[in-house]
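Q: Below is the file upload28.tsv, which contains TSV, C-alpha atoms.
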```tsv
chain	number	residue	atom	x	y	z
J	42	MET	CA	-27.03	16.71	18.42
J	43	GLY	CA	-25.86	19.71	20.43
J	44	ALA	CA	-22.64	21.66	20.11
J	45	ASP	CA	-19.50	19.57	20.14
J	46	PRO	CA	-17.62	20.28	23.40
J	47	ASP	CA	-14.30	19.57	21.65
J	48	GLU	CA	-14.87	21.75	18.61
J	49	GLU	CA	-13.12	24.88	19.91
J	50	LEU	CA	-10.10	22.87	21.10
J	51	VAL	CA	-9.82	21.14	17.73
J	52	ARG	CA	-9.99	24.49	15.94
J	53	ARG	CA	-7.17	25.85	18.11
J	54	ILE	CA	-5.04	22.77	17.45
J	55	GLY	CA	-5.62	23.25	13.74
J	56	ALA	CA	-4.28	26.80	14.15
J	57	GLY	CA	-1.12	25.44	15.81
J	58	ASP	CA	-1.92	26.39	19.43
J	59	ALA	CA	0.49	24.47	21.70
J	60	ALA	CA	-1.67	24.99	24.81
J	61	ALA	CA	-4.61	23.39	23.01
J	62	VAL	CA	-2.45	20.36	22.23
J	63	GLN	CA	-1.67	19.95	25.93
J	64	ALA	CA	-5.34	20.30	26.81
J	65	MET	CA	-6.41	17.77	24.19
J	66	VAL	CA	-3.89	15.18	25.39
J	67	ALA	CA	-4.95	15.71	29.01
J	68	ARG	CA	-8.63	15.37	28.05
J	69	LYS	CA	-8.51	12.45	25.63
J	70	LEU	CA	-5.46	10.31	26.41
J	71	PRO	CA	-7.02	8.57	29.45
J	72	ARG	CA	-10.11	7.72	27.39
J	73	VAL	CA	-8.18	6.45	24.39
J	74	LEU	CA	-5.84	4.42	26.58
J	75	SER	CA	-8.74	2.86	28.52
J	76	LEU	CA	-10.49	1.94	25.30
J	77	ALA	CA	-7.40	0.37	23.72
J	78	THR	CA	-6.38	-1.46	26.89
J	79	ARG	CA	-9.79	-3.07	27.27
J	80	MET	CA	-10.00	-3.93	23.59
J	81	LEU	CA	-6.49	-5.41	23.38
J	82	GLY	CA	-5.70	-6.52	26.93
J	83	ASP	CA	-2.10	-5.41	26.47
J	84	ALA	CA	-0.77	-2.21	28.00
J	85	ALA	CA	2.15	-1.74	25.57
J	86	GLU	CA	-0.03	-2.25	22.50
J	87	ALA	CA	-2.63	0.08	23.98
J	88	GLU	CA	0.02	2.80	24.36
J	89	ASP	CA	1.02	2.34	20.72
J	90	VAL	CA	-2.61	2.67	19.66
J	91	ALA	CA	-2.98	5.80	21.78
J	92	GLN	CA	0.06	7.38	20.13
J	93	GLU	CA	-1.13	6.48	16.64
J	94	THR	CA	-4.58	7.86	17.43
J	95	PHE	CA	-3.09	11.21	18.41
J	96	VAL	CA	-0.94	11.31	15.27
J	97	ARG	CA	-4.19	11.09	13.31
J	98	ILE	CA	-5.75	13.79	15.48
J	99	TRP	CA	-2.87	16.20	14.75
J	100	ARG	CA	-3.01	15.32	11.07
J	101	HIS	CA	-6.74	15.93	10.71
J	102	ALA	CA	-7.34	18.73	13.23
J	103	SER	CA	-6.92	21.58	10.75
J	104	GLY	CA	-9.49	20.05	8.41
J	105	TRP	CA	-11.95	18.90	11.06
J	106	ARG	CA	-15.57	19.90	10.49
J	107	GLN	CA	-18.37	18.59	12.69
J	108	GLY	CA	-20.55	16.37	10.59
J	109	ARG	CA	-22.91	13.82	12.02
J	110	ALA	CA	-20.44	12.59	14.64
J	111	ARG	CA	-18.85	14.42	17.52
J	112	PHE	CA	-15.06	14.66	17.67
J	113	ASP	CA	-14.99	12.26	20.64
J	114	THR	CA	-16.96	9.68	18.65
J	115	TRP	CA	-14.57	10.11	15.72
J	116	ILE	CA	-11.58	9.54	18.03
J	117	HIS	CA	-13.22	6.36	19.30
J	118	ARG	CA	-13.70	5.15	15.73
J	119	VAL	CA	-10.06	5.88	14.88
J	120	ALA	CA	-8.77	4.11	17.99
J	121	LEU	CA	-11.07	1.14	17.40
J	122	ASN	CA	-9.86	0.75	13.82
J	123	LEU	CA	-6.28	0.71	15.08
J	124	CYS	CA	-7.25	-1.89	17.70
J	125	TYR	CA	-8.86	-4.08	15.04
J	126	ASP	CA	-5.73	-3.85	12.89
J	127	ARG	CA	-3.76	-5.24	15.81
J	128	LEU	CA	-6.32	-7.91	16.68
J	129	ARG	CA	-6.22	-9.16	13.10
J	130	ARG	CA	-2.43	-9.13	13.05
J	131	ARG	CA	-2.21	-10.83	16.42
J	132	ARG	CA	-4.49	-13.67	15.49
J	133	GLU	CA	-3.02	-13.84	12.00
J	134	TRP	CA	-6.45	-14.05	10.47
J	135	THR	CA	-6.37	-15.14	6.88
J	136	THR	CA	-9.40	-12.98	6.20
J	137	ASP	CA	-10.60	-9.66	7.59
J	138	GLU	CA	-13.28	-11.44	9.61
J	139	LEU	CA	-12.95	-11.53	13.36
J	140	PRO	CA	-14.83	-14.20	15.33
J	141	GLU	CA	-18.49	-13.54	16.07
J	142	VAL	CA	-18.75	-16.06	18.88
J	143	ALA	CA	-17.26	-16.09	22.33
J	144	ASP	CA	-14.68	-18.47	23.68
J	145	GLU	CA	-16.68	-20.04	26.49
J	146	ARG	CA	-13.96	-22.11	28.15
J	147	PRO	CA	-13.79	-21.30	31.86
J	148	LEU	CA	-11.28	-18.72	33.00
J	149	PRO	CA	-8.01	-20.07	34.49
J	150	ASP	CA	-8.16	-20.72	38.24
J	151	ALA	CA	-4.92	-18.76	38.65
J	152	LEU	CA	-6.90	-15.56	38.14
J	153	ALA	CA	-9.23	-16.29	41.06
J	154	GLY	CA	-7.68	-13.68	43.35
J	155	ASP	CA	-7.43	-10.89	40.81
J	156	GLU	CA	-10.88	-9.68	39.81
J	157	GLY	CA	-9.52	-7.02	37.46
J	158	GLN	CA	-7.50	-9.60	35.52
J	159	ARG	CA	-10.48	-11.98	35.43
J	160	VAL	CA	-12.62	-9.26	33.90
J	161	GLN	CA	-9.92	-8.44	31.33
J	162	GLN	CA	-9.57	-12.11	30.39
J	163	ALA	CA	-13.34	-12.47	30.16
J	164	LEU	CA	-13.52	-9.40	27.91
J	165	LEU	CA	-10.92	-10.97	25.64
J	166	ARG	CA	-12.97	-14.18	25.48
J	167	ILE	CA	-16.09	-12.58	24.05
J	168	ALA	CA	-16.42	-11.70	20.37
J	169	PRO	CA	-14.61	-8.44	19.50
J	170	ARG	CA	-17.81	-6.69	18.37
J	171	GLN	CA	-19.54	-7.58	21.65
J	172	ARG	CA	-16.48	-6.40	23.58
J	173	GLU	CA	-16.43	-3.19	21.57
J	174	ALA	CA	-20.10	-2.51	22.37
J	175	ILE	CA	-19.60	-3.15	26.09
J	176	VAL	CA	-16.42	-1.09	26.29
J	177	LEU	CA	-18.02	1.85	24.48
J	178	VAL	CA	-21.27	1.90	26.46
J	179	TYR	CA	-20.24	0.54	29.85
J	180	TYR	CA	-16.68	1.79	30.33
J	181	GLN	CA	-16.41	4.77	27.96
J	182	GLU	CA	-19.96	5.81	28.82
J	183	LEU	CA	-20.90	6.77	25.27
J	184	SER	CA	-24.63	7.15	24.76
J	185	ASN	CA	-26.33	4.40	22.79
J	186	ILE	CA	-26.56	6.68	19.75
J	187	GLU	CA	-22.88	7.69	19.95
J	188	ALA	CA	-21.76	4.09	20.42
J	189	ALA	CA	-23.89	2.89	17.53
J	190	GLY	CA	-22.45	5.73	15.43
J	191	ALA	CA	-18.87	4.79	16.35
J	192	MET	CA	-19.62	1.16	15.48
J	193	GLN	CA	-21.55	2.15	12.35
J	194	ILE	CA	-24.52	0.01	13.29
J	195	SER	CA	-28.12	0.65	14.37
J	196	VAL	CA	-29.06	1.12	18.02
J	197	ASP	CA	-31.02	-2.15	17.87
J	198	ALA	CA	-27.93	-4.00	16.64
J	199	LEU	CA	-25.91	-2.35	19.42
J	200	GLU	CA	-28.41	-3.54	22.05
J	201	SER	CA	-28.22	-7.05	20.66
J	202	LEU	CA	-24.40	-7.07	20.86
J	203	LEU	CA	-24.52	-5.63	24.38
J	204	ALA	CA	-27.01	-8.21	25.60
J	205	ARG	CA	-25.13	-11.15	24.09
J	206	GLY	CA	-21.81	-9.87	25.35
J	207	ARG	CA	-23.09	-9.38	28.88
J	208	ARG	CA	-24.66	-12.83	28.84
J	209	TYR	CA	-21.28	-14.39	27.96
J	210	LEU	CA	-19.51	-12.30	30.58
J	211	GLN	CA	-22.07	-13.36	33.15
J	212	ALA	CA	-21.42	-17.00	32.29
J	213	LEU	CA	-17.65	-16.54	32.47
J	214	LEU	CA	-17.47	-14.39	35.58
J	215	ILE	CA	-20.43	-15.53	37.65
J	216	GLY	CA	-21.07	-18.97	36.26
J	217	ASP	CA	-24.60	-18.51	35.00
J	218	ASP	CA	-26.08	-16.88	31.93
J	219	GLY	CA	-28.29	-14.45	33.82
J	220	ASP	CA	-31.54	-16.27	33.12
J	221	ASP	CA	-32.31	-17.01	36.77
D	228	MET	CA	-36.04	1.75	16.41
D	229	ALA	CA	-34.86	2.46	19.92
D	230	GLU	CA	-33.27	5.81	19.01
D	231	ASN	CA	-36.56	7.13	17.63
D	232	ARG	CA	-38.57	6.70	20.82
D	233	LYS	CA	-39.75	10.01	22.26
D	234	THR	CA	-39.30	10.69	25.98
D	235	THR	CA	-42.87	11.86	26.46
D	236	ASP	CA	-44.71	8.85	25.10
D	237	VAL	CA	-42.42	6.07	26.28
D	238	GLN	CA	-44.12	3.28	28.19
D	239	LEU	CA	-42.00	0.47	29.53
D	240	ASP	CA	-43.28	-2.99	30.26
D	241	ALA	CA	-41.34	-5.60	32.19
D	242	LYS	CA	-40.12	-7.25	29.01
D	243	ARG	CA	-38.59	-4.07	27.61
D	244	PHE	CA	-37.23	-3.09	31.03
D	245	ALA	CA	-35.50	-6.48	31.31
D	246	ALA	CA	-34.14	-6.19	27.77
D	247	LEU	CA	-32.65	-2.80	28.59
D	248	ALA	CA	-31.10	-4.11	31.80
D	249	ASP	CA	-29.65	-7.06	29.87
D	250	ALA	CA	-28.04	-4.65	27.41
D	251	TYR	CA	-27.06	-1.63	29.46
D	252	GLY	CA	-26.76	-3.00	33.00
D	253	SER	CA	-28.24	-1.71	36.21
D	254	ALA	CA	-27.21	1.98	36.03
D	255	LEU	CA	-30.05	3.89	34.40
D	256	HIS	CA	-27.77	6.75	33.28
D	257	ARG	CA	-26.33	4.37	30.64
D	258	TRP	CA	-29.79	3.55	29.27
D	259	PRO	CA	-31.22	5.26	26.19
D	260	ARG	CA	-32.02	8.84	27.18
D	261	ALA	CA	-35.52	8.65	25.75
D	262	GLU	CA	-36.41	5.73	28.03
D	263	GLN	CA	-34.74	6.85	31.24
D	264	ALA	CA	-37.76	8.64	32.70
D	265	ALA	CA	-40.08	5.68	32.17
D	266	ALA	CA	-37.36	3.31	33.37
D	267	THR	CA	-36.93	5.30	36.59
D	268	LEU	CA	-40.63	4.87	37.30
D	269	PHE	CA	-40.60	1.17	36.52
D	270	ALA	CA	-37.44	0.68	38.61
D	271	GLU	CA	-39.47	1.52	41.71
D	272	SER	CA	-41.66	-1.53	41.22
D	273	GLU	CA	-40.79	-4.85	42.82
D	274	GLU	CA	-40.29	-6.42	39.42
D	275	GLY	CA	-38.07	-3.54	38.33
D	276	ARG	CA	-35.93	-3.78	41.45
D	277	ALA	CA	-35.44	-7.52	40.95
D	278	ILE	CA	-34.36	-7.04	37.33
D	279	LEU	CA	-31.87	-4.31	38.26
D	280	GLN	CA	-30.51	-6.37	41.12
D	281	ARG	CA	-29.75	-9.23	38.73
D	282	ALA	CA	-27.98	-6.89	36.29
D	283	ASP	CA	-26.03	-5.33	39.15
D	284	ARG	CA	-24.31	-8.62	39.96
D	285	LEU	CA	-22.35	-8.41	36.71
D	286	ASP	CA	-21.85	-4.63	36.96
D	287	ALA	CA	-20.25	-5.00	40.38
D	288	ILE	CA	-17.65	-7.34	38.86
D	289	LEU	CA	-17.11	-5.25	35.72
D	290	ASP	CA	-16.45	-2.23	37.94
D	291	ARG	CA	-13.42	-3.98	39.40
D	292	HIS	CA	-11.56	-3.62	36.14
D	293	HIS	CA	-9.48	-0.47	36.15
D	294	VAL	CA	-7.00	0.87	33.64
D	295	GLU	CA	-3.89	2.62	34.92
D	296	ALA	CA	-3.77	6.34	34.25
D	297	PRO	CA	-1.46	7.24	31.36
D	298	SER	CA	2.18	7.66	32.37
D	299	ARG	CA	3.83	11.08	32.25
D	300	ALA	CA	6.28	9.66	29.69
D	301	LEU	CA	3.47	8.68	27.30
D	302	HIS	CA	1.78	12.05	27.75
D	303	ASP	CA	5.05	13.90	27.04
D	304	LYS	CA	5.86	11.72	24.02
D	305	ILE	CA	2.49	12.49	22.43
D	306	VAL	CA	2.79	16.22	23.13
D	307	ALA	CA	6.37	16.29	21.75
D	308	ASN	CA	5.18	14.58	18.57
D	309	ALA	CA	2.43	17.15	18.18
D	310	THR	CA	4.85	20.03	18.76
D	311	THR	CA	7.17	18.70	16.06
D	312	ARG	CA	4.27	18.35	13.64
D	313	ILE	CA	3.02	21.87	14.39
D	314	ARG	CA	6.53	23.27	13.82
D	315	GLN	CA	6.85	21.36	10.55
D	316	GLY	CA	3.40	22.56	9.60
D	317	ARG	CA	4.46	26.19	10.20
D	318	HIS	CA	7.58	25.70	8.07
D	319	ARG	CA	5.48	24.17	5.36
D	320	ARG	CA	3.01	27.05	5.56
D	321	LEU	CA	5.85	29.59	5.36
D	322	TRP	CA	7.33	27.77	2.40
D	323	TRP	CA	3.98	27.75	0.63
D	324	LEU	CA	3.50	31.41	1.55
D	325	GLY	CA	6.86	32.27	-0.07
D	326	PHE	CA	6.01	30.11	-3.03
D	327	GLY	CA	2.63	31.79	-3.26
D	328	LEU	CA	4.11	35.28	-3.09
D	329	ALA	CA	6.64	34.40	-5.77
D	330	GLY	CA	3.78	33.04	-7.85
D	331	VAL	CA	1.75	36.19	-7.33
D	332	GLY	CA	4.77	38.29	-8.33
D	333	LEU	CA	5.30	36.21	-11.44
D	334	ALA	CA	1.62	36.36	-12.29
D	335	GLY	CA	1.73	40.14	-11.84
D	336	ALA	CA	4.68	40.43	-14.18
D	337	VAL	CA	2.94	38.31	-16.80
D	338	ALA	CA	-0.28	40.30	-16.41
D	339	GLY	CA	1.64	43.57	-16.64
D	340	LEU	CA	3.37	42.44	-19.79
D	341	ALA	CA	0.06	41.35	-21.26
D	342	LEU	CA	-1.51	44.70	-20.38
D	343	VAL	CA	1.34	46.61	-21.95
D	344	THR	CA	1.02	44.49	-25.05
D	345	VAL	CA	-2.73	45.10	-25.30
D	346	VAL	CA	-2.77	48.83	-24.48
D	347	THR	CA	0.33	49.93	-26.37
D	348	PRO	CA	-0.28	50.42	-30.12
D	349	ASP	CA	1.47	48.06	-32.45
D	350	ALA	CA	4.96	49.14	-33.26
D	351	PRO	CA	5.07	50.64	-36.77
D	352	SER	CA	6.16	48.31	-39.47
D	353	ASP	CA	9.47	48.81	-41.18
D	354	HIS	CA	7.68	50.21	-44.24
D	355	TYR	CA	5.88	52.79	-42.15
D	356	VAL	CA	9.09	53.83	-40.46
D	357	MET	CA	10.63	54.46	-43.84
D	358	ASP	CA	7.73	56.82	-44.52
D	359	ALA	CA	7.99	58.44	-41.14
D	360	ASN	CA	8.82	61.82	-42.53
D	361	ALA	CA	5.23	61.99	-43.79
D	362	THR	CA	3.26	64.50	-41.67
D	363	SER	CA	-0.38	65.33	-41.20
D	364	PHE	CA	0.12	68.00	-43.68
D	365	GLY	CA	1.07	65.52	-46.31
D	366	ASP	CA	4.29	64.21	-47.49
D	367	ALA	CA	6.91	66.61	-46.27
D	368	GLY	CA	9.77	64.46	-47.38
D	369	PRO	CA	12.45	65.67	-49.64
D	370	ASP	CA	10.93	63.85	-52.67
D	371	ALA	CA	7.73	65.92	-52.41
D	372	ASP	CA	9.60	69.06	-53.25
D	373	THR	CA	11.19	67.32	-56.16
D	374	GLU	CA	7.78	66.30	-57.53
D	375	ASP	CA	6.54	69.87	-57.32
D	376	LEU	CA	9.40	70.97	-59.39
```
Show me the file's structure as structure tokens.

A:
Amino acid sequence: MGADPDEELVRRIGAGDAAAVQAMVARKLPRVLSLATRMLGDAAEAEDVAQETFVRIWRHASGWRQGRARFDTWIHRVALNLCYDRLRRRREWTTDELPEVADERPLPDALAGDEGQRVQQALLRIAPRQREAIVLVYYQELSNIEAAGAMQISVDALESLLARGRRYLQALLIGDDGDD
Amino acid sequence: MAENRKTTDVQLDAKRFAALADAYGSALHRWPRAEQAAATLFAESEEGRAILQRADRLDAILDRHHVEAPSRALHDKIVANATTRIRQGRHRRLWWLGFGLAGVGLAGAVAGLALVTVVTPDAPSDHYVMDANATSFGDAGPDADTEDL
């Protein structure tokens, strides 16, 4: 793993540098908001998650030391944990377990004209772990190793989640499972 | 394990190429770095092109999902929160600094007192004080003269 591109900025934030705070928000807010929006499918909740993520950044910046994960990967993990808290609350799960299987009912016809909304609804239909894998690798463009690190799984397990998730999305959005 | 594959000795067959396309989609820049060079070669084959074309059907749809850029209000709210925390952090640091200095001062006083106690000879006992008119030349007190008489 090379040098962390965020390390200097984090150090400056830890020292109370206001300009570094501005730079960090400009650099990371779009990424955190995209991640939370795609995970939750709700703009207001995604904004709340983004704010809470940054509160944790400010709280931990002064003590941040690069370990195995980059700062960006750590931010993803923090934001994902906050998303999962909300997913559990939203579905009122009686246990901590989130569903491992996708909801394969067809998407509502009302979404036919809005491809963006169809994709969001399809993302919400697949299992959260599959969605997480696809959002991290496809939309956030984390490398396979970074994504696996953020998800705390092996790269092989990540590839399995990605493949299953894409297969469900293919079925929901295109109408086949990609085995043609 | 996929992450352990070395770039130099990676060989891709159609099965692995298809598995990677199923997982990562049609854009090779998202594929595992160690397999990108071999994948680029395989992608030029007819079989490779067909596999990528299939994966690209889903990618083209996924690419239509966009997230609005963060609003100025959200940006400002997050920055304001950070500024407040930094200010509070400074106050806390100053408070701890003052507390620390007071502690150092107190510790210095205690250490000074201890040093004085250790270095300074014990104060003479009451008995010794009563005999304080004794000198190095012997007892020069008034009773000495009396004894000599």

Q: Give the residues of chain J that lie within 9 Å of chain D; count all atoms listed in the file, and format the answer as a VMD selection string.

A: chain J and resid 54 to 59 62 to 63 66 to 67 70 to 71 74 to 75 78 to 79 84 88 91 to 92 95 to 96 99 to 100 156 to 161 175 178 to 180 182 to 186 195 to 197 199 to 208 210 to 211 214 to 215 219 221

Q: Fewer than 5 positions away in the same chain doesn't count, so skip those; otherwise give me all residues within 9 Å of Leu148 in chain J, counting only C-alpha atoms, as a VMD selection string.

A: chain J and resid 153 159 162 to 163 166 213 to 214

Q: May I have the residues within 12 Å of Ala277 in chain D as a list in words, using all atoms listed in the file and disregarding those fewer than 3 positions away in the same chain?

A: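 Here the qualifying residues turn out to be Asp221 of chain J; Ala241, Phe244, Ala245, Ala248, Ser253, Phe269, Ala270, Glu271, Ser272, Glu273, Glu274, Gln280, Arg281, Ala282, Asp283 and Arg284 of chain D.
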
Q: Quick check, in Å to one decimal: how far apart do CA of Thr267 in chain D and CA of Lys242 in chain D lie?

A: 15.0 Å

Q: To one decimal place, how far is CA of Arg127 in chain J from CA of Leu164 in chain J in Å?

A: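 Calculated distance between CA of Arg127 in chain J and CA of Leu164 in chain J is 16.1 Å.
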
Q: Kindly give the distance, in Å, that separates CA of Arg130 in chain J and CA of Ile98 in chain J, rounded to a single decimal.

A: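 Computing the Euclidean distance for CA of Arg130 in chain J and CA of Ile98 in chain J yields 23.3 Å.
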
Q: Give the answer as one residue: which of J:Gly216, J:Ile167, J:Ala110, J:Cys124 has the shortest atom-to-atom distance to Ala188 in chain J, using all atoms listed in the file?

A: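 Once distances to Ala188 in chain J are computed over all atoms listed in the file, the minimum belongs to J:Ala110.
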
Q: Starting from 6 Å padding per side, set up an axis-aligned box that covers all listed atoms of range 89-106 of chain J and hand over centre and edge lengths in Å, one decimal, as lines of an AutoDock Vina configuration file.

A:
```
center_x = -7.3
center_y = 12.0
center_z = 15.1
size_x = 28.6
size_y = 31.2
size_z = 25.4
```
